[in-house]
Amino acid sequence: MNLLLYGAPGSGKGTQANMLRARYGIPHIATGDMLRAEIAAGTPLGRQAQPILAAGQYVSDEIMIGIIRNRLRQPDCTGGFIIDGFPRTIPQAEALDVLMSELGRHFHRVLYLKVDTELLLKRLSGRMVCPTCQRTYPPASVTCAEDGTPLAQREDDKAEAVRPRIEIYLQKTVPVLEHYRGEGLVSEIDGRGTIEEITQRVLAAIGQNGQLN
Ligand code: AP5
Ligand code: MG
């Protein structure tokens, strides 16, 4: 099963992807997590990406398309995948269409987590993240439940980066939703409520569309 998680910064993509990964045993491919891993490792790409992420801007389409092309060709993707954070622009969406067709794959669902801006800001301002495994936690969480690492704030969750992230999402990423709506793939999910309530909505949306393969 190939799933695409779509939604604004802080809408809960990572949180729900983590549940889907555990439930279906397919990889969670999060382009933001991949970039942060490059930054942490100090690679040339990480050094190039660091100021872009810190400012809440987007890394170039060319780089991001290259990253996703390599990742979807890895052997762990043969049984399906959950993509989170890509595509964020129309050129990325068009490149992904080409790649999926080259791979002989299609998306079963695009899961759109719909959350209003006020709630996004509230969630992002308090979010804690594990620097080791990148799992996200609600405000005031202290250590990672998976590996015990002390949690930290994400650099782009600081107030000065959050607004630009939401603005660029509205400008460049909202049109991507229309791209998939045209293909009849989008399930719009109310992203307000508890994590468990949203999980139930996500699973119901996947269930409507068919079986695992
Ligand atoms: P990325 O890491 O993808 O960030 P994002 O899209 O801004 O999304 P977030 O990870 O902030 O939010 P989320 O939806 O995953 O929410 P979460 O589950 O954590 O990208 C980062 C950057 O990388 C970009 O800004 C860009 O610079 C670059 N980049 C990445 N991909 C790119 C691309 N394709 N092209 C160009 N540049 C790219 O939840 C948020 C918080 O809320 C958490 O604390 C969580 O615990 C909490 N929470 C979640 N659900 C609930 C709930 N129901 N109730 C209460 N709290 C909840
Ligand atoms: Mg995320």
# chains A, B, ... in the order shown; residues from 1 in each chain; ligands from 1

$ residues_near_ligand --ligand "ligand 1" --cutoff "7 Å" --atoms "only C-alpha atoms and all ligand atoms" --output "PyMOL selection string"
chain A and resi 7-16+30-33+35+52-53+56-61+64+84-88+123-124+126-128+136-139+165+191-195+198

$ residues_around --residues "Arg21 (chain A)" --least-positions-apart "5" --cutoff "9 Å" --atoms "only C-alpha atoms" --output "PyMOL selection string"
chain A and resi 16+26-28+81-82

$ closest_residue --among "A:Asp157, A:Asp190, A:Glu178, A:Glu196" --to "ligand 2" --atoms "only C-alpha atoms and all ligand atoms"
A:Asp157

$ residues_around --residues "Ala145 (chain A)" --least-positions-apart "3" --cutoff "12 Å" --atoms "only C-alpha atoms" --output "count of residues only"
14

$ residues_around --residues "Ala40 (chain A)" --least-positions-apart "5" --cutoff "10 Å" --atoms "only C-alpha atoms" --output "PDB file with N, CA, C and O atoms, in the first residue's frame"
ATOM      1  N   MET A  34      14.628  13.399   6.657  1.00  0.00           N
ATOM      2  CA  MET A  34      15.835  13.052   5.891  1.00  0.00           C
ATOM      3  C   MET A  34      16.789  14.251   5.839  1.00  0.00           C
ATOM      4  O   MET A  34      18.009  14.105   5.999  1.00  0.00           O
ATOM      5  N   LEU A  35      16.219  15.438   5.646  1.00  0.00           N
ATOM      6  CA  LEU A  35      17.071  16.635   5.609  1.00  0.00           C
ATOM      7  C   LEU A  35      17.705  16.892   6.976  1.00  0.00           C
ATOM      8  O   LEU A  35      18.889  17.227   7.068  1.00  0.00           O
ATOM      9  N   GLY A  46      23.491  18.630   3.967  1.00  0.00           N
ATOM     10  CA  GLY A  46      23.036  19.151   5.259  1.00  0.00           C
ATOM     11  C   GLY A  46      23.480  20.587   5.474  1.00  0.00           C
ATOM     12  O   GLY A  46      22.691  21.426   5.940  1.00  0.00           O
ATOM     13  N   ARG A  47      24.712  20.878   5.088  1.00  0.00           N
ATOM     14  CA  ARG A  47      25.221  22.255   5.276  1.00  0.00           C
ATOM     15  C   ARG A  47      24.468  23.234   4.380  1.00  0.00           C
ATOM     16  O   ARG A  47      24.196  24.359   4.754  1.00  0.00           O
ATOM     17  N   GLN A  50      20.695  23.515   5.913  1.00  0.00           N
ATOM     18  CA  GLN A  50      20.472  24.021   7.285  1.00  0.00           C
ATOM     19  C   GLN A  50      19.874  25.430   7.343  1.00  0.00           C
ATOM     20  O   GLN A  50      18.834  25.644   7.989  1.00  0.00           O
ATOM     21  N   PRO A 131      16.033  13.923  18.902  1.00  0.00           N
ATOM     22  CA  PRO A 131      17.104  14.142  17.928  1.00  0.00           C
ATOM     23  C   PRO A 131      17.623  12.842  17.324  1.00  0.00           C
ATOM     24  O   PRO A 131      18.208  12.852  16.237  1.00  0.00           O
ATOM     25  N   THR A 132      17.393  11.694  17.983  1.00  0.00           N
ATOM     26  CA  THR A 132      17.894  10.417  17.464  1.00  0.00           C
ATOM     27  C   THR A 132      16.939   9.816  16.440  1.00  0.00           C
ATOM     28  O   THR A 132      17.335   9.531  15.309  1.00  0.00           O
TER      29      THR A 132
END

$ residues_around --residues "Gly104 (chain A)" --least-positions-apart "6" --cutoff "12 Å" --atoms "only C-alpha atoms" --output "compact mmCIF listing (two decimals) with C-alpha atoms, in the first residue's frame"
# COMPACT_ATOMS: atom_id res chain seq x y z
CA ASN A 2 1.36 3.41 -1.00
CA LEU A 72 11.67 5.07 -3.44
CA ARG A 73 14.06 2.76 -5.28
CA THR A 78 8.83 -2.78 -2.46
CA GLY A 80 4.70 -0.04 0.01
CA LEU A 96 6.47 12.11 -8.50
CA ASP A 97 3.80 11.15 -11.04
CA VAL A 98 6.57 10.25 -13.50

$ select_by_dssp --residues "region 49-206 of chain A" --states "strand (DSSP E or B)" --output "PyMOL selection string"
chain A and resi 81-84+109-114+128-129+136-137+143+150+152+186-190

$ atom_distance --atom1 "CA of Gly182 (chain A)" --atom2 "CA of Ile90 (chain A)"
13.1 Å

$ closest_residue --among "A:Arg181, A:Lys114, A:Arg69, A:Arg154" --to "ligand 2" --atoms "only C-alpha atoms and all ligand atoms"
A:Arg154

$ closest_residue --among "A:Leu121, A:Ala17, A:Ala95, A:Ile206" --to "ligand 2" --atoms "only C-alpha atoms and all ligand atoms"
A:Ala17

$ atom_distance --atom1 "CA of Ser187 (chain A)" --atom2 "CA of Leu103 (chain A)"
23.6 Å

$ select_by_dssp --residues "chain A" --states "helix (DSSP H, G or I)" --output "ChimeraX atom specification"
/A:13-24,31-41,44-54,61-72,75-77,90-103,117-126,155-157,159-181,195-208
